[in-house]
Structures are given as C-alpha cells and as structure tokens.
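Structure data follow from work34.txt (compact mmCIF, C-alpha atoms):
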```txt
# COMPACT_ATOMS: atom_id res chain seq x y z
CA MET A 1 101.43 70.24 124.77
CA ASN A 2 101.13 66.92 123.00
CA VAL A 3 101.59 64.07 125.49
CA VAL A 4 103.65 62.27 122.86
CA PHE A 5 106.55 64.41 124.11
CA ILE A 6 106.36 63.25 127.72
CA ASN A 7 107.01 59.53 127.60
CA PRO A 8 110.25 59.61 125.58
CA PHE A 9 111.80 61.91 128.21
CA LEU A 10 110.47 59.86 131.11
CA GLU A 11 111.85 56.65 129.63
CA ALA A 12 115.13 58.30 128.64
CA VAL A 13 115.88 59.55 132.12
CA VAL A 14 115.19 56.13 133.65
CA ASN A 15 117.42 54.44 131.05
CA VAL A 16 120.26 56.94 131.35
CA LEU A 17 120.32 56.85 135.16
CA LYS A 18 120.19 53.05 135.11
CA THR A 19 123.04 52.76 132.63
CA MET A 20 125.26 55.56 133.91
CA ALA A 21 124.57 55.65 137.64
CA PHE A 22 123.46 52.06 138.28
CA THR A 23 120.36 53.34 140.00
CA ASP A 24 116.71 52.73 139.31
CA PRO A 25 114.81 56.01 139.55
CA LYS A 26 111.16 55.64 140.52
CA PRO A 27 108.96 57.98 138.49
CA GLY A 28 106.28 59.88 140.42
CA LYS A 29 103.15 61.31 138.86
CA PRO A 30 103.90 63.93 136.19
CA PHE A 31 102.13 67.22 136.78
CA LEU A 32 101.53 70.57 135.20
CA LYS A 33 103.83 73.23 136.60
CA LYS A 34 102.12 76.30 137.95
CA ARG A 35 103.84 79.45 139.07
CA PRO A 36 103.23 79.06 142.81
CA GLU A 37 104.59 75.51 142.62
CA LEU A 38 108.00 76.49 141.31
CA LEU A 39 110.36 73.66 142.07
CA GLN A 40 113.78 74.14 143.51
CA GLY A 41 116.83 72.19 142.55
CA ASP A 42 120.45 72.49 143.61
CA ILE A 43 121.95 71.67 140.21
CA THR A 44 120.17 71.76 136.86
CA ALA A 45 121.03 71.05 133.24
CA VAL A 46 119.04 73.18 130.80
CA ILE A 47 118.89 72.05 127.17
CA GLY A 48 117.19 74.00 124.41
CA LEU A 49 115.44 72.14 121.60
CA THR A 50 114.59 73.40 118.14
CA GLY A 51 113.25 71.77 114.99
CA SER A 52 109.73 70.37 114.46
CA VAL A 53 108.90 71.89 117.83
CA LYS A 54 110.67 74.50 119.92
CA GLY A 55 111.15 73.85 123.59
CA SER A 56 113.41 73.51 126.57
CA VAL A 57 114.17 70.69 128.94
CA ALA A 58 115.53 70.97 132.47
CA VAL A 59 116.92 68.08 134.47
CA SER A 60 117.17 69.30 138.05
CA PHE A 61 118.66 67.41 140.98
CA THR A 62 118.59 68.03 144.70
CA GLU A 63 122.08 67.84 146.17
CA THR A 64 121.32 64.50 147.86
CA ALA A 65 120.13 62.96 144.59
CA ILE A 66 123.05 64.08 142.44
CA LEU A 67 125.69 63.12 145.02
CA GLN A 68 124.13 59.66 145.20
CA ALA A 69 124.10 59.38 141.39
CA VAL A 70 127.65 60.62 140.80
CA THR A 71 129.04 58.51 143.65
CA ASN A 72 127.77 55.53 141.65
CA MET A 73 128.94 56.97 138.33
CA PHE A 74 132.46 57.76 139.51
CA GLY A 75 132.78 54.67 141.71
CA GLU A 76 133.98 56.74 144.66
CA PRO A 77 132.24 58.86 147.28
CA VAL A 78 131.45 62.41 146.17
CA SER A 79 130.48 64.73 149.00
CA GLU A 80 130.02 68.11 147.31
CA ILE A 81 128.91 69.65 144.04
CA ASN A 82 132.16 70.44 142.22
CA ALA A 83 133.26 70.92 138.59
CA GLU A 84 133.19 67.17 137.88
CA VAL A 85 129.63 66.97 139.17
CA GLU A 86 128.65 69.94 136.98
CA ASP A 87 130.14 68.15 133.96
CA ALA A 88 128.32 64.95 134.86
CA VAL A 89 124.99 66.78 135.11
CA GLY A 90 125.55 68.36 131.68
CA GLU A 91 126.39 64.97 130.24
CA LEU A 92 123.36 63.30 131.84
CA GLY A 93 121.15 66.05 130.41
CA ASN A 94 122.73 65.56 127.00
CA MET A 95 122.14 61.82 127.10
CA VAL A 96 118.52 62.17 128.23
CA CYS A 97 117.81 64.56 125.36
CA GLY A 98 119.69 62.35 122.90
CA ASP A 99 117.67 59.28 123.89
CA ALA A 100 114.35 61.13 123.79
CA ARG A 101 115.19 62.74 120.44
CA ARG A 102 115.88 59.35 118.87
CA VAL A 103 112.47 58.07 119.99
CA LEU A 104 110.71 61.23 118.81
CA GLU A 105 112.54 61.04 115.48
CA SER A 106 111.13 57.56 114.92
CA GLN A 107 107.71 59.17 115.44
CA GLY A 108 108.36 61.80 112.80
CA TYR A 109 109.64 64.69 114.96
CA ASN A 110 112.98 66.10 114.00
CA LEU A 111 114.61 67.90 116.94
CA GLN A 112 118.00 69.52 117.38
CA ALA A 113 119.48 69.95 120.84
CA ALA A 114 121.62 72.91 121.87
CA ILE A 115 124.59 72.74 124.23
CA PRO A 116 123.52 72.02 127.82
CA THR A 117 123.98 74.79 130.33
CA VAL A 118 124.44 73.74 133.93
CA ILE A 119 123.23 75.93 136.78
CA SER A 120 124.28 75.23 140.33
CA GLY A 121 123.38 77.00 143.56
CA THR A 122 121.21 75.94 146.44
CA GLY A 123 117.51 76.32 145.82
CA HIS A 124 117.46 78.03 142.45
CA LYS A 125 114.13 78.21 140.65
CA ILE A 126 113.45 77.35 137.02
CA THR A 127 110.89 79.05 134.80
CA HIS A 128 110.36 78.32 131.12
CA ALA A 129 109.65 81.62 129.43
CA VAL A 130 106.85 80.48 127.18
CA PRO A 131 103.05 80.70 127.41
CA GLY A 132 102.75 76.93 126.89
CA PRO A 133 102.44 74.43 129.74
CA THR A 134 105.44 72.90 131.49
CA ILE A 135 105.20 69.26 132.50
CA VAL A 136 107.21 68.19 135.53
CA MET A 137 108.21 64.57 135.98
CA PRO A 138 109.39 63.91 139.55
CA PHE A 139 111.64 60.96 140.35
CA THR A 140 113.13 59.47 143.47
CA ILE A 141 116.42 57.61 143.83
CA GLY A 142 116.90 55.37 146.82
CA ASP A 143 114.78 56.28 149.83
CA SER A 144 113.90 59.87 149.24
CA ALA A 145 116.45 61.68 147.04
CA THR A 146 114.48 63.56 144.40
CA PHE A 147 115.10 64.97 140.99
CA PHE A 148 112.88 66.44 138.30
CA VAL A 149 112.68 66.52 134.56
CA GLU A 150 110.78 69.47 133.18
CA VAL A 151 109.69 69.59 129.57
CA CYS A 152 108.21 72.64 127.93
CA PHE A 153 107.24 73.06 124.29
CA GLU A 154 105.70 76.03 122.55
CA ASN A 155 101.95 76.01 122.23
CA GLY A 156 100.51 75.47 118.78
CA GLN A 157 103.54 73.60 117.50
CA SER A 158 102.77 70.31 119.13
CA MET B 159 135.28 80.14 118.93
CA ASN B 160 135.02 82.45 115.97
CA VAL B 161 135.00 86.08 117.16
CA VAL B 162 132.35 86.79 114.53
CA PHE B 163 129.88 85.44 117.11
CA ILE B 164 130.79 87.90 119.84
CA ASN B 165 129.97 91.32 118.42
CA PRO B 166 126.37 90.60 117.36
CA PHE B 167 125.53 89.60 120.94
CA LEU B 168 127.37 92.56 122.42
CA GLU B 169 125.55 94.98 120.14
CA ALA B 170 122.22 93.23 120.61
CA VAL B 171 122.30 93.49 124.38
CA VAL B 172 123.14 97.20 124.25
CA ASN B 173 120.33 97.82 121.74
CA VAL B 174 117.74 95.78 123.60
CA LEU B 175 118.49 97.35 126.99
CA LYS B 176 118.45 100.82 125.44
CA THR B 177 115.12 100.25 123.70
CA MET B 178 113.36 98.29 126.42
CA ALA B 179 114.83 99.64 129.65
CA PHE B 180 115.92 103.12 128.56
CA THR B 181 119.33 102.49 129.95
CA ASP B 182 122.72 102.60 128.33
CA PRO B 183 124.78 99.60 129.42
CA LYS B 184 128.53 100.16 129.37
CA PRO B 185 130.36 97.14 127.99
CA GLY B 186 133.45 96.01 129.89
CA LYS B 187 136.25 93.95 128.39
CA PRO B 188 135.06 90.53 127.19
CA PHE B 189 137.05 87.65 128.64
CA LEU B 190 137.42 83.91 128.41
CA LYS B 191 135.59 82.13 131.19
CA LYS B 192 137.68 79.75 133.23
CA ARG B 193 136.34 77.37 135.82
CA PRO B 194 137.71 79.16 138.89
CA GLU B 195 136.19 82.41 137.60
CA LEU B 196 132.62 81.15 137.52
CA LEU B 197 130.37 84.16 137.63
CA GLN B 198 127.40 84.45 139.85
CA GLY B 199 124.12 86.00 138.86
CA ASP B 200 120.84 86.30 140.71
CA ILE B 201 118.63 85.79 137.66
CA THR B 202 119.64 84.31 134.32
CA ALA B 203 118.00 83.59 130.98
CA VAL B 204 119.51 80.60 129.21
CA ILE B 205 118.85 80.21 125.48
CA GLY B 206 119.99 77.25 123.42
CA LEU B 207 121.02 77.78 119.81
CA THR B 208 121.15 75.22 117.02
CA GLY B 209 121.72 75.41 113.26
CA SER B 210 124.96 76.34 111.50
CA VAL B 211 126.58 76.21 114.93
CA LYS B 212 125.42 74.73 118.21
CA GLY B 213 125.69 76.79 121.34
CA SER B 214 124.13 78.38 124.35
CA VAL B 215 123.77 81.93 125.54
CA ALA B 216 123.20 83.11 129.09
CA VAL B 217 122.14 86.62 130.04
CA SER B 218 122.72 86.91 133.78
CA PHE B 219 121.81 89.86 135.97
CA THR B 220 122.69 90.74 139.53
CA GLU B 221 119.58 91.65 141.52
CA THR B 222 120.55 95.34 141.55
CA ALA B 223 120.95 95.43 137.77
CA ILE B 224 117.70 93.68 136.91
CA LEU B 225 115.64 95.70 139.41
CA GLN B 226 117.05 98.88 137.89
CA ALA B 227 116.24 97.66 134.36
CA VAL B 228 112.69 96.45 135.08
CA THR B 229 111.87 99.55 137.10
CA ASN B 230 112.56 101.45 133.87
CA MET B 231 110.76 98.88 131.70
CA PHE B 232 107.62 98.77 133.84
CA GLY B 233 107.61 102.49 134.66
CA GLU B 234 107.18 101.81 138.38
CA PRO B 235 109.54 100.80 141.18
CA VAL B 236 110.21 97.08 141.39
CA SER B 237 111.87 96.01 144.63
CA GLU B 238 112.11 92.23 144.34
CA ILE B 239 112.55 89.47 141.78
CA ASN B 240 109.03 88.18 141.16
CA ALA B 241 107.20 86.35 138.35
CA GLU B 242 106.96 89.52 136.22
CA VAL B 243 110.70 90.06 136.53
CA GLU B 244 111.33 86.42 135.54
CA ASP B 245 109.15 86.93 132.45
CA ALA B 246 110.98 90.15 131.62
CA VAL B 247 114.36 88.43 131.83
CA GLY B 248 113.15 85.65 129.52
CA GLU B 249 111.87 88.24 127.08
CA LEU B 250 115.10 90.27 127.19
CA GLY B 251 117.06 87.07 126.52
CA ASN B 252 114.78 86.27 123.61
CA MET B 253 115.22 89.70 122.11
CA VAL B 254 119.00 89.67 122.48
CA CYS B 255 119.19 86.31 120.70
CA GLY B 256 116.72 87.46 118.03
CA ASP B 257 118.76 90.58 117.30
CA ALA B 258 122.06 88.69 117.22
CA ARG B 259 120.59 85.94 115.03
CA ARG B 260 119.44 88.47 112.45
CA VAL B 261 122.93 89.93 112.21
CA LEU B 262 124.55 86.48 112.01
CA GLU B 263 122.03 85.45 109.36
CA SER B 264 123.12 88.35 107.19
CA GLN B 265 126.65 86.92 107.55
CA GLY B 266 125.57 83.49 106.36
CA TYR B 267 124.92 81.75 109.69
CA ASN B 268 121.50 80.24 110.11
CA LEU B 269 120.65 79.81 113.80
CA GLN B 270 117.49 78.65 115.55
CA ALA B 271 116.81 79.67 119.14
CA ALA B 272 115.08 77.45 121.67
CA ILE B 273 112.68 78.66 124.36
CA PRO B 274 114.46 80.68 127.05
CA THR B 275 114.66 79.13 130.48
CA VAL B 276 114.95 81.55 133.39
CA ILE B 277 116.82 80.58 136.54
CA SER B 278 116.53 82.66 139.67
CA GLY B 279 118.14 82.26 143.06
CA THR B 280 120.84 84.27 144.77
CA GLY B 281 124.34 83.50 143.59
CA HIS B 282 123.75 80.62 141.22
CA LYS B 283 126.62 79.59 138.96
CA ILE B 284 126.48 78.94 135.23
CA THR B 285 128.59 76.39 133.36
CA HIS B 286 128.29 75.61 129.67
CA ALA B 287 128.75 71.88 129.29
CA VAL B 288 130.97 71.93 126.24
CA PRO B 289 134.71 71.64 125.70
CA GLY B 290 134.72 74.90 123.70
CA PRO B 291 135.55 78.28 125.21
CA THR B 292 132.93 80.50 126.83
CA ILE B 293 133.23 84.23 126.25
CA VAL B 294 131.87 86.50 128.97
CA MET B 295 130.82 90.06 128.16
CA PRO B 296 130.41 92.10 131.34
CA PHE B 297 128.25 95.25 131.39
CA THR B 298 127.39 97.89 133.93
CA ILE B 299 124.19 99.88 134.22
CA GLY B 300 124.27 103.14 136.14
CA ASP B 301 127.02 103.38 138.72
CA SER B 302 127.90 99.80 139.41
CA ALA B 303 125.02 97.41 138.69
CA THR B 304 126.44 94.56 136.65
CA PHE B 305 125.18 91.94 134.28
CA PHE B 306 126.85 89.46 131.97
CA VAL B 307 126.25 87.90 128.60
CA GLU B 308 127.94 84.55 128.11
CA VAL B 309 128.22 82.99 124.70
CA CYS B 310 129.46 79.48 124.12
CA PHE B 311 129.63 77.62 120.81
CA GLU B 312 130.87 74.14 120.09
CA ASN B 313 134.46 73.84 119.00
CA GLY B 314 135.13 73.00 115.41
CA GLN B 315 131.83 74.34 114.16
CA SER B 316 132.77 77.98 114.17
```
Reformat the file's structure so that it appears as structure tokens.
Amino acid sequence: MNVVFINPFLEAVVNVLKTMAFTDPKPGKPFLKKRPELLQGDITAVIGLTGSVKGSVAVSFTETAILQAVTNMFGEPVSEINAEVEDAVGELGNMVCGDARRVLESQGYNLQAAIPTVISGTGHKITHAVPGPTIVMPFTIGDSATFFVEVCFENGQS
Amino acid sequence: MNVVFINPFLEAVVNVLKTMAFTDPKPGKPFLKKRPELLQGDITAVIGLTGSVKGSVAVSFTETAILQAVTNMFGEPVSEINAEVEDAVGELGNMVCGDARRVLESQGYNLQAAIPTVISGTGHKITHAVPGPTIVMPFTIGDSATFFVEVCFENGQS
C-alpha cells in the first residue's frame, strides 16, 4: 500500500478528536497488521471507500477511550456505550474519512465514502478481507486509553 | 428506502449460499430495524456501497449458521470461527454484493463496493450510522441456524 494513504488518516483523526472531543490523541508507531496480532476494540466504525482506490477504514475504540472522548463531546459524564455513543462513533468515523478524503483529493485521488457501520460488543476482532496489507495506527488519549485507526487498500491500485 | 434495493440482496444471498455452501437458506419476513431490536451476530461482513446511492450492507451469521455453511463449503467439519472462516465470510459478503450489484446495474443503478471488513466476536451489535431506515432480512439454514442480511441506504437518494 502506498504510504501516501497513511498520513491523511493519521492527521485527520488527530484533528477530528481535537475539534470534537477536546482531546489531544498521541499517535503511536503505525504497524502492519498480521493475523496473530488481531486487535480488539469495544466499538468500531467501519467505512468503505471506493474510487481511485478501493479500501476500508476502521476506527476502533476501547470502552475507556470512547467514554472519555464522548464525555468531552457531550459535556456530561457518559458511563456506558449506548445508542448516542454509537452515533458519535459513526460520526467521528465519517469526519475522519471526510478530512482524509479532502487531503487525498488535493493529491489527485478521488475517493467516495460509504455509510459508516458501527459495531459494538466487548472485544470484537476486525479483519479486512483483502490480500493487501492493513496498516494500524494506534493512539492514546489521556494516560492510557487506546484507540486504533486501521486503513486497508487493495493491492495494485495504490 | 426504495424497495427495489431489497430483492436483489435477498436473491443474491440465497444464490450464493446455494452455490457455495450447498445449503438452501429459508428467507424469513424482512423487517425494519429499530434501535431496541439491534440484532446480534457472531461474525459479520460489512460492505460499503457508493455510486448512484450510498449505503452499507452487513451479512451477519450466528456461530451455528456459519459453522454449518463453512463445513459444507470446505468439505470438512469446522468447529470454531478461525481465520479461514473469517476469510470465507468476507468472500460470501463480496459475492452477495457482486450479485446484487449486477441486478441493480441492469435496473440503472451503478454501485461500487468497497473492501469487505469482517468483524468477529460473540454477540456484537451492528448499527448503520445513517438517518435512513435499515431493512433486515432474516434467514435460517437447516433447522434453526440463523443469519441476517442488513441493507441500509441513505435517505433521499433512493
């Protein structure tokens, strides 16, 4: 996968979380996802991308991380993953893809984003069903709350 | 959502499961998904769609249903959800969308499908982050093994 696709998503997620959740996520070192290293999130937005390249993006939060983010977003304490939190995760995913798409468009890539699908449930695993590599960008909010952005594009199109 | 979008997916899933898993899924009555009725699957393929309409499709299997289907597909007993099963679910999702897209194309709708993302984990919940309605098509394989196809398209575009 062309590395040109990584940075726009990394920057988008930092910007969106800063603007929407008044938090400053610290990016960790992006890595290549391998099967035995399947990550587990508690709530995930999945967004399909088509156009110049075909791919999928997952923004996956641990419960601690999303409750911290939505507590800031809503301006009141949120103690469990409920319908409002699911909506917020879908919207965050949408905004991250929107931001990244705008940057990629300025670089000559025309991408369309599908409707986000939000998956919740403790410790679900995410696999992108494509032979191409998946890049995982880990982030922390606050002391140790983690979330991940996974980007996967089809081989040969990037 | 235009009902023209429902039948191609219903027929596609029956065809694909028949051809690939030598099983004859019995469709139940499609219904409108409401928040309190969130369905739970054990393994789900999520596929984003863009083009004439923007949407997302989820094909979600209970563990019993997918193990029954892949046991037929692989020609040997499969007793747990592993990496091969995840791949098979992604591929089934791909084929269902491919089939449905061909039918919709013949009706004048041009749709592009993103890469499937597969989510596994007991009892995860699926929400489509869009104000439009989500239609759920329930199916049974054999005596009682169930799976679901959910189709959601943006309001106003269909």
Do you have, as a tab-separated table, the list of residues of chain A lying at most 6 Å from chain B, each with its nearest atom pair and that distance in Å to one decimal, counting only C-alpha atoms and ordered by chain then number?
```
residue	atom	partner	partner_atom	distance
A:Gly48	CA	B:Gly206	CA	4.4
A:Leu49	CA	B:Ala272	CA	5.3
A:Thr50	CA	B:Ala272	CA	5.4
A:Lys54	CA	B:Ala272	CA	5.6
A:Gly55	CA	B:Ile273	CA	5.1
A:Ser56	CA	B:Ile273	CA	5.7
A:Gly90	CA	B:Ala287	CA	5.3
A:Ala114	CA	B:Gly206	CA	4.9
A:Ile115	CA	B:Gly213	CA	5.1
A:Pro116	CA	B:Ala287	CA	5.4
A:Thr117	CA	B:His286	CA	4.4
A:Val118	CA	B:Thr285	CA	5.0
A:Ile119	CA	B:Ile284	CA	4.7
A:Ser120	CA	B:Lys283	CA	5.1
A:Gly121	CA	B:His282	CA	4.3
A:His124	CA	B:Gly279	CA	4.3
A:Lys125	CA	B:Ser278	CA	5.2
A:Ile126	CA	B:Ile277	CA	4.7
A:Thr127	CA	B:Val276	CA	5.0
A:His128	CA	B:Thr275	CA	4.4
A:Ala129	CA	B:Gly248	CA	5.3
```
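A straight line drawn from CA of Phe219 in chain B to CA of Thr177 in chain B is 17.4 Å long.
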- [ ] Pick out the closest residue to Phe306 in chain B from this set: B:Gly266, B:Gly256, B:Pro183, B:Pro289. Count all atoms listed in the file.
- [x]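 Checking each of B:Gly266, B:Gly256, B:Pro183, B:Pro289 against Phe306 in chain B, counting all atoms listed in the file, the winner is B:Pro183.
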Open item on the list: So the first atom is CA of Met137 in chain A and the second is CA of Pro27 in chain A; what is the distance between them in Å, to one decimal place?
Closed with: 7.1 Å
TODO: Record the distance separating CA of Gln226 in chain B and CA of Val171 in chain B, expressed in Å with one decimal.
DONE: 15.5 Å
- [ ] Rank nothing, just name the residue among B:Thr292, B:Thr222, B:Ser210, B:Asn165 nearest to Phe305 in chain B, using all atoms listed in the file.
- [x]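 Using all atoms listed in the file, Phe305 in chain B sits closest to B:Thr222.
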Open item on the list: List as a PyMOL selection string the protein and nucleic acid residues near Pro235 in chain B, meaning an atom at most 10 Å away when all atoms listed in the file are counted, but skip any in the same chain fewer than 6 places from it.
Closed with: chain B and resi 225-226+228-229
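Of the listed residues B:Phe163, B:Glu238, B:Val309, B:Val243, the one whose atoms come nearest to Pro291 in chain B is B:Val309, with distances taken using only C-alpha atoms.
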Given the block above, output range 178-210 of chain B with N, CA and C atoms as a PDB file, in the first residue's frame.
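Output file selection-v7.pdb is given in full below:
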```
ATOM      1  N   MET B 178     -22.287 -21.884  -3.046  1.00  0.00           N
ATOM      2  CA  MET B 178     -21.021 -22.014  -2.323  1.00  0.00           C
ATOM      3  C   MET B 178     -21.112 -22.996  -1.159  1.00  0.00           C
ATOM      4  N   ALA B 179     -22.267 -23.031  -0.493  1.00  0.00           N
ATOM      5  CA  ALA B 179     -22.344 -23.833   0.736  1.00  0.00           C
ATOM      6  C   ALA B 179     -23.381 -24.948   0.625  1.00  0.00           C
ATOM      7  N   PHE B 180     -23.873 -25.163  -0.594  1.00  0.00           N
ATOM      8  CA  PHE B 180     -24.802 -26.267  -0.860  1.00  0.00           C
ATOM      9  C   PHE B 180     -25.908 -26.327   0.176  1.00  0.00           C
ATOM     10  N   THR B 181     -26.401 -25.175   0.518  1.00  0.00           N
ATOM     11  CA  THR B 181     -27.466 -25.114   1.502  1.00  0.00           C
ATOM     12  C   THR B 181     -28.547 -24.190   0.957  1.00  0.00           C
ATOM     13  N   ASP B 182     -29.748 -24.381   1.453  1.00  0.00           N
ATOM     14  CA  ASP B 182     -30.863 -23.660   0.877  1.00  0.00           C
ATOM     15  C   ASP B 182     -31.495 -22.771   1.947  1.00  0.00           C
ATOM     16  N   PRO B 183     -30.971 -21.549   2.100  1.00  0.00           N
ATOM     17  CA  PRO B 183     -31.469 -20.709   3.191  1.00  0.00           C
ATOM     18  C   PRO B 183     -32.927 -20.327   2.988  1.00  0.00           C
ATOM     19  N   LYS B 184     -33.679 -20.430   4.062  1.00  0.00           N
ATOM     20  CA  LYS B 184     -35.105 -20.053   4.005  1.00  0.00           C
ATOM     21  C   LYS B 184     -35.248 -18.606   4.471  1.00  0.00           C
ATOM     22  N   PRO B 185     -35.722 -17.741   3.557  1.00  0.00           N
ATOM     23  CA  PRO B 185     -35.890 -16.344   3.976  1.00  0.00           C
ATOM     24  C   PRO B 185     -37.073 -16.181   4.914  1.00  0.00           C
ATOM     25  N   GLY B 186     -36.880 -15.407   5.980  1.00  0.00           N
ATOM     26  CA  GLY B 186     -37.984 -15.023   6.859  1.00  0.00           C
ATOM     27  C   GLY B 186     -38.565 -13.707   6.352  1.00  0.00           C
ATOM     28  N   LYS B 187     -39.389 -13.087   7.144  1.00  0.00           N
ATOM     29  CA  LYS B 187     -40.030 -11.839   6.725  1.00  0.00           C
ATOM     30  C   LYS B 187     -39.076 -10.660   6.988  1.00  0.00           C
ATOM     31  N   PRO B 188     -38.731  -9.917   5.934  1.00  0.00           N
ATOM     32  CA  PRO B 188     -37.869  -8.747   6.146  1.00  0.00           C
ATOM     33  C   PRO B 188     -38.553  -7.738   7.064  1.00  0.00           C
ATOM     34  N   PHE B 189     -37.792  -7.051   7.874  1.00  0.00           N
ATOM     35  CA  PHE B 189     -38.386  -6.042   8.757  1.00  0.00           C
ATOM     36  C   PHE B 189     -37.477  -4.829   8.891  1.00  0.00           C
ATOM     37  N   LEU B 190     -38.075  -3.768   9.357  1.00  0.00           N
ATOM     38  CA  LEU B 190     -37.383  -2.510   9.576  1.00  0.00           C
ATOM     39  C   LEU B 190     -36.647  -2.598  10.916  1.00  0.00           C
ATOM     40  N   LYS B 191     -35.367  -2.296  10.890  1.00  0.00           N
ATOM     41  CA  LYS B 191     -34.599  -2.389  12.123  1.00  0.00           C
ATOM     42  C   LYS B 191     -34.830  -1.162  12.988  1.00  0.00           C
ATOM     43  N   LYS B 192     -35.156  -1.402  14.245  1.00  0.00           N
ATOM     44  CA  LYS B 192     -35.296  -0.295  15.180  1.00  0.00           C
ATOM     45  C   LYS B 192     -34.228  -0.461  16.244  1.00  0.00           C
ATOM     46  N   ARG B 193     -33.859   0.609  16.867  1.00  0.00           N
ATOM     47  CA  ARG B 193     -32.765   0.576  17.828  1.00  0.00           C
ATOM     48  C   ARG B 193     -32.901  -0.516  18.901  1.00  0.00           C
ATOM     49  N   PRO B 194     -34.102  -0.631  19.540  1.00  0.00           N
ATOM     50  CA  PRO B 194     -34.183  -1.624  20.602  1.00  0.00           C
ATOM     51  C   PRO B 194     -34.088  -3.063  20.078  1.00  0.00           C
ATOM     52  N   GLU B 195     -34.207  -3.211  18.746  1.00  0.00           N
ATOM     53  CA  GLU B 195     -34.203  -4.563  18.177  1.00  0.00           C
ATOM     54  C   GLU B 195     -32.844  -4.924  17.597  1.00  0.00           C
ATOM     55  N   LEU B 196     -31.794  -4.226  18.028  1.00  0.00           N
ATOM     56  CA  LEU B 196     -30.480  -4.492  17.462  1.00  0.00           C
ATOM     57  C   LEU B 196     -30.177  -5.986  17.459  1.00  0.00           C
ATOM     58  N   LEU B 197     -29.808  -6.483  16.312  1.00  0.00           N
ATOM     59  CA  LEU B 197     -29.519  -7.903  16.209  1.00  0.00           C
ATOM     60  C   LEU B 197     -28.099  -8.188  16.628  1.00  0.00           C
ATOM     61  N   GLN B 198     -27.883  -9.399  17.006  1.00  0.00           N
ATOM     62  CA  GLN B 198     -26.551  -9.796  17.400  1.00  0.00           C
ATOM     63  C   GLN B 198     -26.079 -10.938  16.540  1.00  0.00           C
ATOM     64  N   GLY B 199     -24.895 -10.777  15.983  1.00  0.00           N
ATOM     65  CA  GLY B 199     -24.289 -11.850  15.217  1.00  0.00           C
ATOM     66  C   GLY B 199     -22.982 -12.230  15.875  1.00  0.00           C
ATOM     67  N   ASP B 200     -22.404 -13.334  15.449  1.00  0.00           N
ATOM     68  CA  ASP B 200     -21.100 -13.720  15.983  1.00  0.00           C
ATOM     69  C   ASP B 200     -19.994 -13.401  14.984  1.00  0.00           C
ATOM     70  N   ILE B 201     -20.356 -13.333  13.701  1.00  0.00           N
ATOM     71  CA  ILE B 201     -19.385 -12.937  12.686  1.00  0.00           C
ATOM     72  C   ILE B 201     -20.127 -12.219  11.552  1.00  0.00           C
ATOM     73  N   THR B 202     -19.602 -11.092  11.141  1.00  0.00           N
ATOM     74  CA  THR B 202     -20.310 -10.208  10.222  1.00  0.00           C
ATOM     75  C   THR B 202     -19.373  -9.660   9.154  1.00  0.00           C
ATOM     76  N   ALA B 203     -19.804  -9.693   7.908  1.00  0.00           N
ATOM     77  CA  ALA B 203     -19.086  -8.961   6.858  1.00  0.00           C
ATOM     78  C   ALA B 203     -19.821  -7.653   6.616  1.00  0.00           C
ATOM     79  N   VAL B 204     -19.076  -6.556   6.633  1.00  0.00           N
ATOM     80  CA  VAL B 204     -19.649  -5.240   6.366  1.00  0.00           C
ATOM     81  C   VAL B 204     -19.093  -4.756   5.029  1.00  0.00           C
ATOM     82  N   ILE B 205     -19.969  -4.355   4.126  1.00  0.00           N
ATOM     83  CA  ILE B 205     -19.503  -3.871   2.818  1.00  0.00           C
ATOM     84  C   ILE B 205     -20.141  -2.523   2.518  1.00  0.00           C
ATOM     85  N   GLY B 206     -19.307  -1.532   2.286  1.00  0.00           N
ATOM     86  CA  GLY B 206     -19.793  -0.200   1.944  1.00  0.00           C
ATOM     87  C   GLY B 206     -20.103  -0.108   0.461  1.00  0.00           C
ATOM     88  N   LEU B 207     -21.149   0.635   0.137  1.00  0.00           N
ATOM     89  CA  LEU B 207     -21.522   0.825  -1.273  1.00  0.00           C
ATOM     90  C   LEU B 207     -21.586   2.317  -1.584  1.00  0.00           C
ATOM     91  N   THR B 208     -21.048   2.689  -2.739  1.00  0.00           N
ATOM     92  CA  THR B 208     -21.148   4.078  -3.184  1.00  0.00           C
ATOM     93  C   THR B 208     -21.605   4.063  -4.642  1.00  0.00           C
ATOM     94  N   GLY B 209     -21.902   5.221  -5.183  1.00  0.00           N
ATOM     95  CA  GLY B 209     -22.344   5.312  -6.574  1.00  0.00           C
ATOM     96  C   GLY B 209     -23.686   6.002  -6.649  1.00  0.00           C
ATOM     97  N   SER B 210     -24.614   5.444  -7.438  1.00  0.00           N
ATOM     98  CA  SER B 210     -25.944   6.044  -7.578  1.00  0.00           C
ATOM     99  C   SER B 210     -26.593   6.268  -6.220  1.00  0.00           C
TER     100      SER B 210
END
```
